[in-house]
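For reference, the structure discussed in these notes is given below.
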Amino acid sequence: MRYLRVAARSIAAFARGLAYAVLCLTVLAVLAIVLVPRLSGVRFGTVLSDSMRPGMTTGDMIIVRSVEPAQIEVGDVILFRSAADPGARVAHRVVEIVDSGGTPAFVTKGDANQVADRSPVPAARVLGEVQFHLPLLGYLTREMNEPLVFLLALAVPGAFVIASEAWNIVGALRRERQARLTAQEGDSP
């Protein structure tokens with residue numbers, strides 16, 4: 001019976017440690033996603049299509065650095081606002097730089113696409129240059145932007161930690177009460 005209690009305590013301690021780790025990692029990830037772009041000029045994005053295959057695929061997280069349009073060269077992958085939907089972001093490779101009334105415009109093409117995008121991207125729509133990508137992490141950052149997912153990511157491990165600590169307190173109180181009862185029985189004639 002004693003071995004079962006030791007095993008149960010070990011498993012509970014491991015689960016509590018795991019919950020603390022998940023909670024800490026979630027908080028750190030959220031802080032990184034929120035603070036890093038504001039402090040460094042770097043932004044995160046999520047690849048939403050396979051137009052940049054094989055280099056980037058759907059669900060990859062991209063890290064984008066703000067750059068001056070004059071710094072962009074043919075071959076760079078840029079993130080820009082879509083002409084069709086200004087709320088949408090597109091990451092494609094620059095295949096040609098053209099003059100658009102004294103400012104550069106960028107002819108772009110997805111690596112998996114056969115033809116270039118319909119119209120050049122004016123410098124004003126460029127959000128930055130893609131520095132690198134992290135496979136599949138875009139799904140995580142995209143979901144963490146949803147308030148309910150964010151709340152659950154904090155609440156589930158947090159609730160487990162609170163329940164685990166409450167269980168420990170109840171167990172300590174029981175052991176203390178049992179020790180007092182045992183001491184009282186020993187004091188009785």
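The chains in the structure tokens are called A, B, ... from first to last as shown; in each chain the residues are counted from 1, and the ligands are counted from 1 in the order shown.
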
| request: Can you pull out every residue within 9 Å of range 99-114 of chain A, counting only C-alpha atoms, but drop anything in the same chain fewer than 2 positions away, and send it as a PyMOL selection string? | output: chain A and resi 50-55+69-70+72+74+77-78+91-97+116-124

Would you put the residues from that selection into a file with C-alpha atoms, as a JSON list (two decimals), in the first residue's frame?
[["chain", "number", "residue", "atom", "x", "y", "z"],
["A", 50, "ASP", "CA", 0.97, 26.34, -50.45],
["A", 51, "SER", "CA", 1.92, 28.97, -53.05],
["A", 52, "MET", "CA", 5.48, 29.09, -51.63],
["A", 53, "ARG", "CA", 6.06, 25.31, -51.67],
["A", 54, "PRO", "CA", 8.45, 23.61, -51.18],
["A", 55, "GLY", "CA", 10.18, 26.24, -49.00],
["A", 69, "PRO", "CA", 11.72, 49.38, -50.09],
["A", 70, "ALA", "CA", 15.14, 50.31, -51.51],
["A", 72, "ILE", "CA", 14.45, 44.80, -51.25],
["A", 74, "VAL", "CA", 15.06, 40.26, -56.58],
["A", 77, "VAL", "CA", 10.45, 37.00, -50.04],
["A", 78, "ILE", "CA", 8.28, 39.90, -48.93],
["A", 91, "ALA", "CA", 4.20, 36.32, -48.74],
["A", 92, "HIS", "CA", 5.71, 35.88, -52.21],
["A", 93, "ARG", "CA", 9.14, 36.11, -53.80],
["A", 94, "VAL", "CA", 10.22, 39.25, -55.69],
["A", 95, "VAL", "CA", 10.98, 38.29, -59.29],
["A", 96, "GLU", "CA", 11.37, 41.79, -60.71],
["A", 97, "ILE", "CA", 11.54, 45.38, -59.49],
["A", 116, "ALA", "CA", 3.80, 36.00, -61.57],
["A", 117, "ASP", "CA", 1.08, 37.76, -59.58],
["A", 118, "ARG", "CA", -1.28, 39.95, -61.66],
["A", 119, "SER", "CA", -0.01, 43.36, -60.67],
["A", 120, "PRO", "CA", 3.18, 44.73, -59.11],
["A", 121, "VAL", "CA", 3.11, 45.45, -55.38],
["A", 122, "PRO", "CA", 3.64, 49.15, -54.65],
["A", 123, "ALA", "CA", 6.20, 49.92, -51.93],
["A", 124, "ALA", "CA", 3.41, 51.35, -49.74]]

| Shortest interatomic distance to Thr58 in chain A - which of A:Leu136, A:Arg174, A:Leu39, A:Arg16, counting only C-alpha atoms |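 So, comparing all the options, the nearest one is A:Leu136.
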
| Can you list, as an MDAnalysis selection string, every protein, DNA or RNA residue that comes within 10 Å of Ser164 in chain A when you count only C-alpha atoms, leaving out same-chain residues fewer than 2 positions away? | chainID A and resid 12:13 15:16 19 158:162 166:170

Could you take the residues named above and write them with N, CA and C atoms, as a PDB file, in the first residue's frame?
ATOM      1  N   ALA A  12       1.537  12.558  -9.214  1.00  0.00           N
ATOM      2  CA  ALA A  12       0.923  13.867  -8.963  1.00  0.00           C
ATOM      3  C   ALA A  12       1.963  14.974  -9.060  1.00  0.00           C
ATOM      4  N   ALA A  13       3.156  14.746  -8.511  1.00  0.00           N
ATOM      5  CA  ALA A  13       4.217  15.754  -8.578  1.00  0.00           C
ATOM      6  C   ALA A  13       4.641  15.975 -10.024  1.00  0.00           C
ATOM      7  N   ALA A  15       2.780  15.472 -12.741  1.00  0.00           N
ATOM      8  CA  ALA A  15       1.675  16.151 -13.424  1.00  0.00           C
ATOM      9  C   ALA A  15       1.626  17.624 -13.035  1.00  0.00           C
ATOM     10  N   ARG A  16       1.857  17.914 -11.762  1.00  0.00           N
ATOM     11  CA  ARG A  16       1.873  19.306 -11.300  1.00  0.00           C
ATOM     12  C   ARG A  16       3.020  20.062 -11.974  1.00  0.00           C
ATOM     13  N   ALA A  19       2.092  20.719 -15.537  1.00  0.00           N
ATOM     14  CA  ALA A  19       1.107  21.800 -15.634  1.00  0.00           C
ATOM     15  C   ALA A  19       1.783  23.158 -15.441  1.00  0.00           C
ATOM     16  N   GLY A 158      -3.762  26.247 -15.448  1.00  0.00           N
ATOM     17  CA  GLY A 158      -3.915  27.016 -14.208  1.00  0.00           C
ATOM     18  C   GLY A 158      -4.884  26.339 -13.249  1.00  0.00           C
ATOM     19  N   ALA A 159      -6.009  25.854 -13.784  1.00  0.00           N
ATOM     20  CA  ALA A 159      -6.989  25.150 -12.948  1.00  0.00           C
ATOM     21  C   ALA A 159      -6.391  23.859 -12.390  1.00  0.00           C
ATOM     22  N   PHE A 160      -5.599  23.179 -13.204  1.00  0.00           N
ATOM     23  CA  PHE A 160      -4.962  21.948 -12.721  1.00  0.00           C
ATOM     24  C   PHE A 160      -3.992  22.260 -11.589  1.00  0.00           C
ATOM     25  N   VAL A 161      -3.208  23.315 -11.738  1.00  0.00           N
ATOM     26  CA  VAL A 161      -2.252  23.700 -10.694  1.00  0.00           C
ATOM     27  C   VAL A 161      -2.998  24.048  -9.404  1.00  0.00           C
ATOM     28  N   ILE A 162      -4.073  24.825  -9.518  1.00  0.00           N
ATOM     29  CA  ILE A 162      -4.852  25.214  -8.338  1.00  0.00           C
ATOM     30  C   ILE A 162      -5.464  23.974  -7.678  1.00  0.00           C
ATOM     31  N   ALA A 166      -4.659  22.585  -3.980  1.00  0.00           N
ATOM     32  CA  ALA A 166      -5.754  22.378  -3.021  1.00  0.00           C
ATOM     33  C   ALA A 166      -5.718  20.943  -2.493  1.00  0.00           C
ATOM     34  N   TRP A 167      -5.463  19.981  -3.366  1.00  0.00           N
ATOM     35  CA  TRP A 167      -5.362  18.578  -2.956  1.00  0.00           C
ATOM     36  C   TRP A 167      -4.224  18.390  -1.959  1.00  0.00           C
ATOM     37  N   ASN A 168      -3.090  19.064  -2.233  1.00  0.00           N
ATOM     38  CA  ASN A 168      -1.944  18.980  -1.313  1.00  0.00           C
ATOM     39  C   ASN A 168      -2.294  19.568   0.056  1.00  0.00           C
ATOM     40  N   ILE A 169      -3.004  20.673   0.064  1.00  0.00           N
ATOM     41  CA  ILE A 169      -3.396  21.310   1.331  1.00  0.00           C
ATOM     42  C   ILE A 169      -4.340  20.400   2.105  1.00  0.00           C
ATOM     43  N   VAL A 170      -5.325  19.838   1.420  1.00  0.00           N
ATOM     44  CA  VAL A 170      -6.267  18.924   2.074  1.00  0.00           C
ATOM     45  C   VAL A 170      -5.514  17.720   2.633  1.00  0.00           C
TER      46      VAL A 170
END

| request: Run DSSP on the backbone of this structure and report the residues of range 4-173 of chain A it assigns to alpha helix (DSSP H), as a PyMOL selection string. | output: chain A and resi 4-40+137-144+147-173

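The closest residue to Thr26 in chain A, picked from A:Ala179, A:Ala88, A:Val98, A:Val156 and counting only C-alpha atoms, is A:Val156.
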
| said: Just the number, please: distance in Å from CA of Glu129 in chain A to CA of Arg89 in chain A, one decimal. | reply: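 CA of Arg89 in chain A lies at a distance of 12.4 Å from CA of Glu129 in chain A.
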
Per-residue DSSP, range 12-87 of chain A, filtered to strand (DSSP E or B), as a short mmCIF file (atom, residue, chain, number, x, y, z; two decimals) with N, CA and C atoms, in the first residue's frame:
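Saved file out-v3.cif follows:
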data_model
loop_
_atom_site.label_atom_id
_atom_site.label_comp_id
_atom_site.auth_asym_id
_atom_site.auth_seq_id
_atom_site.Cartn_x
_atom_site.Cartn_y
_atom_site.Cartn_z
N VAL A 42 9.82 43.44 -35.57
CA VAL A 42 9.60 42.15 -36.21
C VAL A 42 8.14 41.78 -36.04
N ARG A 43 7.57 41.17 -37.03
CA ARG A 43 6.19 40.71 -36.92
C ARG A 43 6.12 39.25 -37.30
N PHE A 44 5.09 38.59 -36.82
CA PHE A 44 4.87 37.19 -37.12
C PHE A 44 3.72 37.08 -38.11
N GLY A 45 3.75 36.07 -38.92
CA GLY A 45 2.66 35.79 -39.83
C GLY A 45 2.48 34.30 -39.96
N THR A 46 1.39 33.91 -40.58
CA THR A 46 1.12 32.50 -40.81
C THR A 46 0.91 32.29 -42.30
N MET A 61 4.96 29.38 -39.56
CA MET A 61 5.04 30.74 -39.02
C MET A 61 6.19 31.43 -39.76
N ILE A 62 5.94 32.67 -40.20
CA ILE A 62 7.01 33.45 -40.81
C ILE A 62 7.37 34.61 -39.89
N ILE A 63 8.64 34.92 -39.87
CA ILE A 63 9.14 36.04 -39.09
C ILE A 63 9.55 37.09 -40.11
N VAL A 64 8.96 38.27 -39.99
CA VAL A 64 9.11 39.33 -40.99
C VAL A 64 9.74 40.55 -40.33
N ARG A 65 10.77 41.10 -40.99
CA ARG A 65 11.46 42.29 -40.49
C ARG A 65 11.10 43.46 -41.40
N VAL A 77 11.87 37.30 -50.28
CA VAL A 77 10.45 37.00 -50.04
C VAL A 77 9.92 38.13 -49.18
N ILE A 78 8.86 38.77 -49.66
CA ILE A 78 8.28 39.90 -48.93
C ILE A 78 6.86 39.57 -48.48
N LEU A 79 6.44 40.23 -47.41
CA LEU A 79 5.07 40.14 -46.93
C LEU A 79 4.40 41.45 -47.30
N PHE A 80 3.24 41.37 -47.94
CA PHE A 80 2.55 42.58 -48.36
C PHE A 80 1.05 42.43 -48.24
N ARG A 81 0.37 43.60 -48.20
CA ARG A 81 -1.09 43.60 -48.15
C ARG A 81 -1.62 43.29 -49.54
#

| Quick one: of A:Gly171, A:Pro135, A:Gly128, A:Gly87, who's nearest to Gly59 in chain A, counting only C-alpha atoms? |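 Checking each candidate against Gly59 in chain A, we get A:Pro135 as the closest.
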
| query | Taking only C-alpha atoms into account, which of A:Asp60, A:Ser10, A:Asp76, A:Ala172 comes nearest Val130 in chain A? | reply | A:Asp76

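Restricting the calculation to only C-alpha atoms, the smallest distance between Glu146 in chain A and any of A:Val30, A:Ala163, A:Val115, A:Leu25 is found for A:Val30.
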